Structure formats: C-alpha cells, structure tokens
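S.K.: Supplied structure: my_file.cif, mmCIF, C-alpha atoms and all ligand atoms.
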```cif
data_start
loop_
_atom_site.group_PDB
_atom_site.id
_atom_site.type_symbol
_atom_site.label_atom_id
_atom_site.label_comp_id
_atom_site.auth_asym_id
_atom_site.auth_seq_id
_atom_site.Cartn_x
_atom_site.Cartn_y
_atom_site.Cartn_z
ATOM 1 C CA MET B 1 -55.543 35.885 13.337
ATOM 2 C CA ASN B 2 -57.299 32.567 14.025
ATOM 3 C CA GLY B 3 -57.445 28.918 13.026
ATOM 4 C CA PHE B 4 -55.217 27.655 15.831
ATOM 5 C CA GLU B 5 -55.661 24.050 16.895
ATOM 6 C CA THR B 6 -55.065 24.447 20.619
ATOM 7 C CA ALA B 7 -55.825 28.070 21.448
ATOM 8 C CA ILE B 8 -58.389 30.703 20.584
ATOM 9 C CA TYR B 9 -57.182 34.222 19.879
ATOM 10 C CA GLU B 10 -59.667 37.099 19.972
ATOM 11 C CA LYS B 11 -59.012 40.792 19.724
ATOM 12 C CA ASP B 12 -61.622 43.127 21.130
ATOM 13 C CA GLY B 13 -60.598 46.753 20.630
ATOM 14 C CA SER B 14 -57.545 47.377 22.761
ATOM 15 C CA ILE B 15 -57.630 44.075 24.657
ATOM 16 C CA ALA B 16 -56.941 40.524 23.507
ATOM 17 C CA ARG B 17 -58.088 37.152 24.812
ATOM 18 C CA VAL B 18 -56.084 33.962 24.590
ATOM 19 C CA THR B 19 -57.989 30.809 25.547
ATOM 20 C CA LEU B 20 -56.127 27.529 25.972
ATOM 21 C CA ASN B 21 -58.426 25.221 24.101
ATOM 22 C CA ARG B 22 -57.978 21.498 24.660
ATOM 23 C CA PRO B 23 -60.718 20.988 27.249
ATOM 24 C CA GLN B 24 -60.916 17.237 26.561
ATOM 25 C CA ALA B 25 -57.319 16.963 27.842
ATOM 26 C CA LEU B 26 -57.721 19.613 30.581
ATOM 27 C CA ASN B 27 -55.865 22.058 28.288
ATOM 28 C CA ALA B 28 -52.635 20.078 28.690
ATOM 29 C CA PHE B 29 -49.688 21.937 27.207
ATOM 30 C CA SER B 30 -48.633 20.141 24.021
ATOM 31 C CA VAL B 31 -46.002 20.822 21.361
ATOM 32 C CA ARG B 32 -48.805 22.141 19.138
ATOM 33 C CA MET B 33 -49.927 24.489 21.922
ATOM 34 C CA ARG B 34 -46.375 25.747 22.339
ATOM 35 C CA ASP B 35 -46.229 26.560 18.621
ATOM 36 C CA ASP B 36 -49.691 28.169 18.616
ATOM 37 C CA LEU B 37 -48.898 30.327 21.643
ATOM 38 C CA PHE B 38 -45.540 31.277 20.153
ATOM 39 C CA GLU B 39 -47.276 32.549 17.035
ATOM 40 C CA ILE B 40 -50.030 34.332 18.957
ATOM 41 C CA LEU B 41 -47.697 36.049 21.426
ATOM 42 C CA GLY B 42 -45.329 37.084 18.643
ATOM 43 C CA ALA B 43 -48.198 38.796 16.840
ATOM 44 C CA VAL B 44 -49.564 40.393 20.033
ATOM 45 C CA LYS B 45 -46.132 41.718 20.940
ATOM 46 C CA ALA B 46 -45.900 43.509 17.599
ATOM 47 C CA ASP B 47 -49.456 44.868 17.784
ATOM 48 C CA ASP B 48 -49.487 48.322 19.396
ATOM 49 C CA GLU B 49 -53.262 48.330 19.417
ATOM 50 C CA VAL B 50 -53.342 45.546 22.000
ATOM 51 C CA ARG B 51 -52.792 47.070 25.414
ATOM 52 C CA ALA B 52 -53.614 44.158 27.722
ATOM 53 C CA VAL B 53 -54.137 40.421 27.295
ATOM 54 C CA VAL B 54 -56.343 37.982 29.220
ATOM 55 C CA PHE B 55 -55.376 34.289 29.403
ATOM 56 C CA SER B 56 -57.919 31.647 30.369
ATOM 57 C CA GLY B 57 -58.652 27.954 29.869
ATOM 58 C CA ALA B 58 -61.625 26.413 28.042
ATOM 59 C CA GLY B 59 -63.942 23.972 29.810
ATOM 60 C CA ASP B 60 -65.046 23.601 33.418
ATOM 61 C CA LYS B 61 -62.200 21.624 34.887
ATOM 62 C CA ALA B 62 -58.890 23.328 34.256
ATOM 63 C CA PHE B 63 -56.898 26.328 33.194
ATOM 64 C CA CYS B 64 -54.155 23.833 32.258
ATOM 65 C CA ALA B 65 -53.207 20.460 33.796
ATOM 66 C CA GLY B 66 -49.537 20.800 32.842
ATOM 67 C CA ALA B 67 -47.419 19.336 30.099
ATOM 68 C CA ASP B 68 -49.108 16.773 27.901
ATOM 69 C CA LEU B 69 -48.016 13.555 29.590
ATOM 70 C CA LYS B 70 -49.134 11.486 26.604
ATOM 71 C CA GLU B 71 -46.544 13.287 24.477
ATOM 72 C CA PHE B 72 -43.778 12.805 27.013
ATOM 73 C CA LEU B 73 -43.004 9.306 25.748
ATOM 74 C CA THR B 74 -42.652 10.599 22.214
ATOM 75 C CA ALA B 75 -40.468 13.589 23.167
ATOM 76 C CA PRO B 76 -37.624 14.399 20.758
ATOM 77 C CA SER B 77 -33.999 13.877 21.754
ATOM 78 C CA ALA B 78 -32.419 16.357 24.167
ATOM 79 C CA VAL B 79 -30.363 17.819 21.302
ATOM 80 C CA LYS B 80 -33.443 18.388 19.145
ATOM 81 C CA ALA B 81 -35.401 19.814 22.097
ATOM 82 C CA ARG B 82 -32.543 22.245 22.826
ATOM 83 C CA HIS B 83 -32.479 23.350 19.193
ATOM 84 C CA ILE B 84 -36.255 23.924 19.115
ATOM 85 C CA ARG B 85 -36.024 25.924 22.313
ATOM 86 C CA SER B 86 -33.266 28.100 20.867
ATOM 87 C CA VAL B 87 -35.416 29.109 17.883
ATOM 88 C CA ARG B 88 -38.808 29.078 19.587
ATOM 89 C CA ASP B 89 -38.355 30.025 23.219
ATOM 90 C CA LEU B 90 -41.926 30.590 24.338
ATOM 91 C CA TRP B 91 -40.932 31.312 27.946
ATOM 92 C CA ARG B 92 -38.548 34.128 27.076
ATOM 93 C CA LEU B 93 -41.221 35.459 24.721
ATOM 94 C CA PHE B 94 -43.693 35.507 27.635
ATOM 95 C CA LEU B 95 -41.111 37.344 29.714
ATOM 96 C CA SER B 96 -40.515 39.941 27.007
ATOM 97 C CA MET B 97 -44.183 40.816 26.411
ATOM 98 C CA PRO B 98 -44.598 44.584 26.757
ATOM 99 C CA GLN B 99 -48.338 44.461 27.456
ATOM 100 C CA PRO B 100 -49.705 43.472 30.879
ATOM 101 C CA LEU B 101 -50.888 39.852 30.892
ATOM 102 C CA ILE B 102 -53.798 38.854 33.118
ATOM 103 C CA ALA B 103 -54.451 35.216 34.004
ATOM 104 C CA ALA B 104 -58.034 34.136 34.783
ATOM 105 C CA LEU B 105 -57.485 30.816 36.561
ATOM 106 C CA HIS B 106 -59.900 28.039 37.428
ATOM 107 C CA GLY B 107 -59.759 24.326 38.152
ATOM 108 C CA TYR B 108 -56.407 22.577 37.789
ATOM 109 C CA VAL B 109 -53.397 24.838 37.315
ATOM 110 C CA LEU B 110 -50.528 22.361 37.370
ATOM 111 C CA GLY B 111 -46.965 22.137 36.070
ATOM 112 C CA SER B 112 -46.635 24.104 32.828
ATOM 113 C CA GLY B 113 -50.099 25.537 33.592
ATOM 114 C CA ILE B 114 -48.923 27.303 36.723
ATOM 115 C CA GLU B 115 -45.736 28.281 34.892
ATOM 116 C CA ILE B 116 -47.791 30.058 32.197
ATOM 117 C CA ALA B 117 -49.759 31.787 34.962
ATOM 118 C CA LEU B 118 -46.547 32.898 36.679
ATOM 119 C CA PHE B 119 -45.439 34.650 33.486
ATOM 120 C CA CYS B 120 -48.623 36.729 33.690
ATOM 121 C CA ASP B 121 -48.595 39.997 35.605
ATOM 122 C CA VAL B 122 -51.917 39.726 37.427
ATOM 123 C CA ARG B 123 -53.502 36.435 38.482
ATOM 124 C CA LEU B 124 -57.165 36.105 39.405
ATOM 125 C CA ALA B 125 -58.464 32.732 40.556
ATOM 126 C CA SER B 126 -61.880 31.223 41.167
ATOM 127 C CA PRO B 127 -62.403 29.404 44.502
ATOM 128 C CA ASP B 128 -62.138 25.943 42.857
ATOM 129 C CA THR B 129 -58.584 26.522 41.592
ATOM 130 C CA VAL B 130 -55.949 23.926 42.527
ATOM 131 C CA PHE B 131 -52.301 24.884 42.091
ATOM 132 C CA GLY B 132 -49.348 22.535 42.030
ATOM 133 C CA PHE B 133 -45.928 21.627 40.699
ATOM 134 C CA PRO B 134 -46.042 17.805 40.364
ATOM 135 C CA GLU B 135 -42.767 17.649 38.415
ATOM 136 C CA VAL B 136 -40.514 16.298 41.170
ATOM 137 C CA THR B 137 -43.041 13.556 41.927
ATOM 138 C CA LEU B 138 -42.750 12.557 38.242
ATOM 139 C CA GLY B 139 -38.934 12.534 38.339
ATOM 140 C CA ILE B 140 -38.534 15.706 36.281
ATOM 141 C CA LEU B 141 -37.934 19.406 36.889
ATOM 142 C CA PRO B 142 -40.133 22.327 35.932
ATOM 143 C CA ALA B 143 -38.722 23.510 32.621
ATOM 144 C CA ALA B 144 -40.918 26.459 31.825
ATOM 145 C CA GLY B 145 -39.365 28.896 34.237
ATOM 146 C CA GLY B 146 -41.081 27.672 37.413
ATOM 147 C CA THR B 147 -37.945 27.309 39.525
ATOM 148 C CA GLN B 148 -37.151 30.949 38.779
ATOM 149 C CA THR B 149 -40.539 32.660 38.609
ATOM 150 C CA LEU B 150 -42.123 30.994 41.654
ATOM 151 C CA PRO B 151 -39.552 32.146 44.256
ATOM 152 C CA ARG B 152 -39.570 35.650 42.763
ATOM 153 C CA ILE B 153 -43.331 35.836 43.202
ATOM 154 C CA ALA B 154 -44.092 33.734 46.286
ATOM 155 C CA GLY B 155 -40.703 33.854 48.060
ATOM 156 C CA LEU B 156 -38.147 31.081 48.533
ATOM 157 C CA PRO B 157 -39.727 29.216 51.493
ATOM 158 C CA ALA B 158 -43.116 28.886 49.773
ATOM 159 C CA ALA B 159 -41.410 27.921 46.501
ATOM 160 C CA LEU B 160 -39.313 25.220 48.176
ATOM 161 C CA ASP B 161 -42.386 23.889 49.962
ATOM 162 C CA MET B 162 -44.351 23.626 46.705
ATOM 163 C CA LEU B 163 -41.605 22.425 44.392
ATOM 164 C CA LEU B 164 -39.946 19.856 46.648
ATOM 165 C CA THR B 165 -43.173 18.254 47.832
ATOM 166 C CA GLY B 166 -45.433 18.613 44.804
ATOM 167 C CA ARG B 167 -48.121 19.644 47.329
ATOM 168 C CA ARG B 168 -51.267 21.121 45.842
ATOM 169 C CA LEU B 169 -52.490 24.509 47.038
ATOM 170 C CA SER B 170 -56.066 25.748 47.258
ATOM 171 C CA ALA B 171 -57.029 29.161 45.917
ATOM 172 C CA GLN B 172 -57.021 30.540 49.479
ATOM 173 C CA GLU B 173 -53.502 29.198 50.149
ATOM 174 C CA ALA B 174 -52.356 30.648 46.822
ATOM 175 C CA LEU B 175 -53.799 34.011 47.848
ATOM 176 C CA ASP B 176 -52.087 33.805 51.247
ATOM 177 C CA ARG B 177 -48.727 33.179 49.526
ATOM 178 C CA GLY B 178 -49.156 35.987 47.005
ATOM 179 C CA LEU B 179 -49.473 33.593 44.062
ATOM 180 C CA VAL B 180 -52.771 35.190 43.086
ATOM 181 C CA SER B 181 -53.965 38.683 43.835
ATOM 182 C CA ARG B 182 -57.709 38.022 44.036
ATOM 183 C CA ILE B 183 -60.210 35.199 44.403
ATOM 184 C CA VAL B 184 -63.232 35.843 42.235
ATOM 185 C CA PRO B 185 -66.481 33.820 41.904
ATOM 186 C CA ARG B 186 -66.268 31.463 38.939
ATOM 187 C CA GLU B 187 -69.145 33.121 37.062
ATOM 188 C CA THR B 188 -67.541 36.561 37.235
ATOM 189 C CA LEU B 189 -63.915 35.455 36.727
ATOM 190 C CA LEU B 190 -63.648 36.159 33.023
ATOM 191 C CA PRO B 191 -65.734 39.371 32.997
ATOM 192 C CA MET B 192 -63.652 40.690 35.887
ATOM 193 C CA ALA B 193 -60.380 39.818 34.155
ATOM 194 C CA GLU B 194 -61.626 41.585 31.019
ATOM 195 C CA ASP B 195 -62.768 44.633 33.000
ATOM 196 C CA LEU B 196 -59.324 44.812 34.527
ATOM 197 C CA ALA B 197 -57.725 44.513 31.075
ATOM 198 C CA ARG B 198 -59.982 47.306 29.759
ATOM 199 C CA GLU B 199 -59.156 49.506 32.718
ATOM 200 C CA ILE B 200 -55.423 49.039 32.129
ATOM 201 C CA ALA B 201 -55.964 49.592 28.400
ATOM 202 C CA SER B 202 -57.582 52.955 29.138
ATOM 203 C CA PHE B 203 -54.347 54.296 30.642
ATOM 204 C CA ASP B 204 -51.440 55.863 28.789
ATOM 205 C CA PRO B 205 -49.836 52.860 27.026
ATOM 206 C CA ILE B 206 -46.284 54.105 27.381
ATOM 207 C CA ALA B 207 -46.712 54.659 31.117
ATOM 208 C CA VAL B 208 -48.185 51.159 31.494
ATOM 209 C CA ARG B 209 -45.496 49.431 29.441
ATOM 210 C CA ASN B 210 -42.684 51.284 31.177
ATOM 211 C CA ALA B 211 -44.133 50.573 34.623
ATOM 212 C CA LYS B 212 -44.253 46.883 33.763
ATOM 213 C CA GLN B 213 -40.718 46.981 32.425
ATOM 214 C CA ALA B 214 -39.398 48.800 35.506
ATOM 215 C CA LEU B 215 -40.952 46.200 37.801
ATOM 216 C CA ILE B 216 -40.067 43.055 35.859
ATOM 217 C CA ARG B 217 -36.529 44.066 34.860
ATOM 218 C CA GLY B 218 -35.914 45.727 38.210
ATOM 219 C CA MET B 219 -36.357 42.364 39.977
ATOM 220 C CA ASP B 220 -33.064 41.183 38.464
ATOM 221 C CA LEU B 221 -31.067 44.326 39.336
ATOM 222 C CA THR B 222 -29.435 45.704 42.442
ATOM 223 C CA LEU B 223 -31.431 48.470 44.132
ATOM 224 C CA ASP B 224 -28.959 51.014 42.805
ATOM 225 C CA GLN B 225 -29.287 49.752 39.222
ATOM 226 C CA GLY B 226 -33.050 49.533 39.679
ATOM 227 C CA LEU B 227 -33.236 53.184 40.685
ATOM 228 C CA ASP B 228 -31.317 54.087 37.518
ATOM 229 C CA LEU B 229 -33.703 52.023 35.427
ATOM 230 C CA GLU B 230 -36.728 53.648 37.064
ATOM 231 C CA TRP B 231 -35.286 57.122 36.530
ATOM 232 C CA ARG B 232 -34.567 56.408 32.853
ATOM 233 C CA LEU B 233 -37.990 54.924 32.173
ATOM 234 C CA ALA B 234 -39.764 57.720 34.062
ATOM 235 C CA ALA B 235 -37.887 60.315 31.989
ATOM 236 C CA GLU B 236 -38.654 58.406 28.766
ATOM 237 C CA THR B 237 -42.345 58.263 29.711
ATOM 238 C CA LYS B 238 -42.431 62.013 30.309
ATOM 239 C CA VAL B 239 -40.741 62.774 26.981
ATOM 240 C CA ALA B 240 -42.968 60.348 25.070
ATOM 241 C CA ARG B 241 -46.046 61.838 26.681
ATOM 242 C CA LYS B 242 -45.037 65.319 25.605
ATOM 243 C CA ALA B 243 -44.110 64.224 22.087
ATOM 244 C CA PHE B 244 -46.793 61.631 21.384
ATOM 245 C CA GLY B 245 -49.529 62.332 23.928
ATOM 246 C CA HIS B 246 -52.072 63.548 21.414
ATOM 247 C CA PHE B 247 -51.088 60.936 18.851
ATOM 248 C CA TYR B 248 -51.590 58.074 21.321
ATOM 249 C CA THR B 249 -54.831 59.443 22.698
ATOM 250 C CA ARG B 250 -56.328 59.815 19.225
ATOM 251 C CA ARG B 251 -54.989 56.529 17.973
ATOM 252 C CA HIS B 252 -56.488 54.451 20.783
ATOM 253 C CA GLU B 253 -59.815 56.234 21.166
HETATM 254 N N1 LIG U 1 -51.527 15.424 29.749
HETATM 255 C C1 LIG U 1 -52.332 14.782 28.875
HETATM 256 N N2 LIG U 1 -53.624 14.494 29.151
HETATM 257 C C2 LIG U 1 -54.130 14.887 30.333
HETATM 258 C C3 LIG U 1 -53.337 15.583 31.282
HETATM 259 C C4 LIG U 1 -51.970 15.864 30.948
HETATM 260 N N3 LIG U 1 -51.169 16.543 31.765
HETATM 261 N N4 LIG U 1 -54.094 15.840 32.373
HETATM 262 C C5 LIG U 1 -55.318 15.314 32.109
HETATM 263 N N5 LIG U 1 -55.329 14.753 30.890
HETATM 264 C C6 LIG U 1 -56.447 14.079 30.217
HETATM 265 C C7 LIG U 1 -56.705 12.700 30.833
HETATM 266 O O1 LIG U 1 -55.842 11.743 30.266
HETATM 267 C C8 LIG U 1 -58.158 12.488 30.488
HETATM 268 O O2 LIG U 1 -58.234 12.112 29.143
HETATM 269 P P1 LIG U 1 -59.142 10.844 28.707
HETATM 270 O O3 LIG U 1 -60.550 11.251 29.056
HETATM 271 O O4 LIG U 1 -58.900 10.719 27.235
HETATM 272 O O5 LIG U 1 -58.649 9.697 29.504
HETATM 273 C C9 LIG U 1 -58.748 13.893 30.583
HETATM 274 O O6 LIG U 1 -57.639 14.800 30.485
HETATM 275 C C10 LIG U 1 -59.430 14.151 31.925
HETATM 276 O O7 LIG U 1 -58.507 13.885 32.951
HETATM 277 P P2 LIG U 1 -58.841 12.929 34.197
HETATM 278 O O8 LIG U 1 -59.860 11.899 33.818
HETATM 279 O O9 LIG U 1 -57.542 12.435 34.777
HETATM 280 O O10 LIG U 1 -59.532 13.970 35.182
HETATM 281 P P3 LIG U 1 -59.581 13.886 36.773
HETATM 282 O O11 LIG U 1 -60.534 14.935 37.190
HETATM 283 O O12 LIG U 1 -59.841 12.503 37.230
HETATM 284 O O13 LIG U 1 -58.088 14.280 37.266
HETATM 285 C C11 LIG U 1 -56.071 15.593 37.303
HETATM 286 C C12 LIG U 1 -57.583 15.548 37.015
HETATM 287 C C13 LIG U 1 -55.815 15.363 38.813
HETATM 288 C C14 LIG U 1 -55.549 16.952 36.889
HETATM 289 C C15 LIG U 1 -55.372 14.455 36.514
HETATM 290 O O14 LIG U 1 -55.830 14.505 35.162
HETATM 291 C C16 LIG U 1 -53.890 14.548 36.515
HETATM 292 O O15 LIG U 1 -53.245 14.230 37.507
HETATM 293 N N6 LIG U 1 -53.297 15.012 35.364
HETATM 294 C C17 LIG U 1 -51.877 15.092 35.211
HETATM 295 C C18 LIG U 1 -51.295 16.302 35.924
HETATM 296 C C19 LIG U 1 -49.800 16.349 35.704
HETATM 297 O O16 LIG U 1 -49.056 15.622 36.333
HETATM 298 N N7 LIG U 1 -49.350 17.203 34.767
HETATM 299 C C20 LIG U 1 -47.994 17.273 34.305
HETATM 300 C C21 LIG U 1 -47.209 18.258 35.127
HETATM 301 S S1 LIG U 1 -45.515 18.176 34.747
HETATM 302 C C22 LIG U 1 -45.249 19.440 33.681
HETATM 303 O O17 LIG U 1 -46.085 20.278 33.415
HETATM 304 C C23 LIG U 1 -43.879 19.382 33.047
HETATM 305 C C24 LIG U 1 -43.053 20.581 32.932
HETATM 306 O O18 LIG U 1 -43.278 21.669 33.428
HETATM 307 C C25 LIG U 1 -41.814 20.384 32.202
#
```
Is it possible to give me this structure as structure tokens?
M.R.:
Amino acid sequence: MNGFETAIYEKDGSIARVTLNRPQALNAFSVRMRDDLFEILGAVKADDEVRAVVFSGAGDKAFCAGADLKEFLTAPSAVKARHIRSVRDLWRLFLSMPQPLIAALHGYVLGSGIEIALFCDVRLASPDTVFGFPEVTLGILPAAGGTQTLPRIAGLPAALDMLLTGRRLSAQEALDRGLVSRIVPRETLLPMAEDLAREIASFDPIAVRNAKQALIRGMDLTLDQGLDLEWRLAAETKVARKAFGHFYTRRHE
C-alpha cells in the first residue's frame, strides 16, 4: 500500500509507520491528507499482522502545524463538510483503531497536529517540540476532537488554559501536564518509538488490544460499568489465549 500524496505508509513485519509528508508546508493537515490517512488507517485496522503503529512527521521543523490554512478559504459549505464527515470520519476511525498508536513528535505540533497526537496512545516528544491549540485565536474551534481528548488526557484545568489562551507549551511543560510520556533526544526519537512499537508487537495481540479497549472505552463509563467491561475483556482474553494461543504465536513469529 503506497503512492499517497501526503503520507508515507510502511509496513515492517508486525509494526507500521505512518509519516505525514508535506514538509514544505510543515505537514499541514489538508483535505488530501485526511483522505490519505482515512485510507491508510482503514487498511491498518483490517490488517491483523500490524500490531502497533508509529506516527511521525517528515522534515526538521514539524510533526504537523495544524489544518492547512491556505485551504481554509476554499472550504466547502457547512452542509457539504458535514456530509463528508459522515462518510469519512477520520477522527472516529482514529478512536476505533484496535492497535496501539505511538506518536513520535518534534517541532510544531499545533491544532489538528496535536489533535492527531492526542488520538495516539503513547506520545514521545523531542526537546524542540512546541504544542498549541491556536484555534480560538483564529476565531474557530478545534474540530478534530481536541476539546474532548485534551481534558481526558491532561485534565480540565490544563485543557482550559491551553484552549482558551492558545498558549504554546514546551516539551517539558507538555511532560509536566501528562500530554507526553517521555522526552527523547531528536536523533533517537524515531528509533525509540519503533523499539517501543516492536516491544508492544511482541506481546500477545489479544491481550494488548483488549487492554487498550478497556482503557479507552472505560474512560467514558462509570466505574461500575468499567469494572464490568474489564471483567468481560479479561475473560475474553483468557478464552482466546486458550483457544488461539498457539495459532497466534505461530502466525506472528
Ligand atoms: N497551513 C498551510 N501552510 C502552512 C501552515 C498551515 N497551517 N503552517 C505553515 N505553513 C507553510 C507556510 O505557509 C510556509 O510556506 P511557504 O514557504 O510556501 O510560505 C511553510 O509552511 C513554512 O512556514 P513558516 O515560514 O511560517 O515557518 P516559521 O518557522 O516561520 O513558522 C509556524 C512556523 C509558527 C508554525 C507558522 O508557520 C504558523 O504559525 N503556522 C500556522 C499554525 C496554525 O495556526 N495552524 C492552524 C491551526 S488551526 C487548526 O488546526 C484547525 C482545526 O483544528 C479545525
């Protein structure tokens, strides 16, 4: 699977790499990129061989500097945009991905860029990373899940501070607020993200997928419902391990 205009997709054994690839525009998120990512994620979701995915941005300056502002003026009508979203909802697709997604972040991570990162499960950042939600300063709202994912990850006070002011955060501040889990030197960022993906890919895939599901879906449940979900997924994992353990081990060797 290749030939995308705005992203590079590479599969390497049981891990996959997705590179946002518009470095001349700081990997700004365009309509074409939305369509490319929609196709890539759809294929990854259906591919049992892929057990973890690493997202990164091409070029030195940015993971992604947000929505393509040059396209904003040529945006389709609200009705058309709503229709497109109903048939090609990239953000819900991100949310439904069964495999762990790892974001390797550097440079500018703004607007839609940070929103993509927040749909990932593990975020590593190099020391030069700059995070921000400039939407309110542009007279718009985040529309790729940011108002919902950010408070779930960083807490409401930090989310309000970032979203209402458009203030940019350094990598250290992002680490302090739980937005990223590690700061990694720029030269080792990608290798470390891939090592992490390989490590995850070496574990029982059903256990990994169900753990992710329990955590992500559990966030939207009451504690009581969450305990039920955990119990059900734990039981399912045990049964699947008994029934398919050998099959999965052989298949992914
Ligand atoms: N859209 C389109 N092109 C962009 C872009 C964007 N978001 N960000 C940068 N570029 C382009 C620039 O136009 C420039 O292209 P040219 O060389 O052809 O002029 C190239 O990338 C390099 O950018 P700069 O020269 O501006 O680089 P810089 O180092 O001086 O500044 C920056 C970097 C501070 C990130 C600055 O580019 C900037 O402020 N970009 C816009 C950030 C932004 O506001 N993004 C939109 C967020 S809103 C959003 O994402 C909406 C949503 O969720 C719904």
S.K.: Which residues are near ligand LIG 1 (chain U) in this structure, taking near to mean any atom at most 10 Å from a ligand atom and counting all atoms listed in the file? Format them as a PyMOL selection string.
M.R.: chain B and resi 22-30+61-62+64-72+107-116+130+132-147+166
S.K.: Counting all atoms listed in the file, what is within 8 Å of Ala171 in chain B, bar same-chain residues fewer than 5 positions away, as a compact mmCIF listing (two decimals) with C-alpha atoms, keeping the file's coordinate frame?
M.R.:
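Saved to selection.txt:
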```txt
# COMPACT_ATOMS: atom_id res chain seq x y z
CA ALA B 125 -58.46 32.73 40.56
CA SER B 126 -61.88 31.22 41.17
CA PRO B 127 -62.40 29.40 44.50
CA ASP B 128 -62.14 25.94 42.86
CA THR B 129 -58.58 26.52 41.59
CA VAL B 130 -55.95 23.93 42.53
CA PHE B 131 -52.30 24.88 42.09
CA VAL B 180 -52.77 35.19 43.09
CA ILE B 183 -60.21 35.20 44.40
```
S.K.: Would you pick out the contacts of range 228-232 of chain B at 12 Å or less, using all atoms listed in the file, so that residues sharing its chain but fewer than 3 positions from it are not included, and give the list as a list in words?
M.R.: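 Counting only the stated atoms, we get Ala207, Asn210, Ala211, Lys212, Gln213, Ala214, Leu215, Ile216, Arg217, Gly218, Met219, Asp220, Leu221, Thr222, Leu223, Asp224, Gln225, Ala235, Glu236, Thr237, Lys238 and Val239 of chain B.
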S.K.: Quick one: distance from CA of Ala174 in chain B to CA of Val54 in chain B in Å, one decimal?
M.R.: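 Computing the Euclidean distance for CA of Ala174 in chain B and CA of Val54 in chain B yields 19.5 Å.
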S.K.: Evaluate the PyMOL selection byres (((chain B and resi 14) around 6) and not hetatm) and record the selected residues as a PyMOL selection string, following the chain and residue labels used in the document.
M.R.: chain B and resi 13+15+49-51
S.K.: Please save C-alpha atoms of the selected residues as an mmCIF file, in the coordinates of the input.
M.R.:
```
data_model
loop_
_atom_site.group_PDB
_atom_site.id
_atom_site.type_symbol
_atom_site.label_atom_id
_atom_site.label_comp_id
_atom_site.auth_asym_id
_atom_site.auth_seq_id
_atom_site.Cartn_x
_atom_site.Cartn_y
_atom_site.Cartn_z
ATOM 1 C CA GLY B 13 -60.598 46.753 20.630
ATOM 2 C CA ILE B 15 -57.630 44.075 24.657
ATOM 3 C CA GLU B 49 -53.262 48.330 19.417
ATOM 4 C CA VAL B 50 -53.342 45.546 22.000
ATOM 5 C CA ARG B 51 -52.792 47.070 25.414
#
```
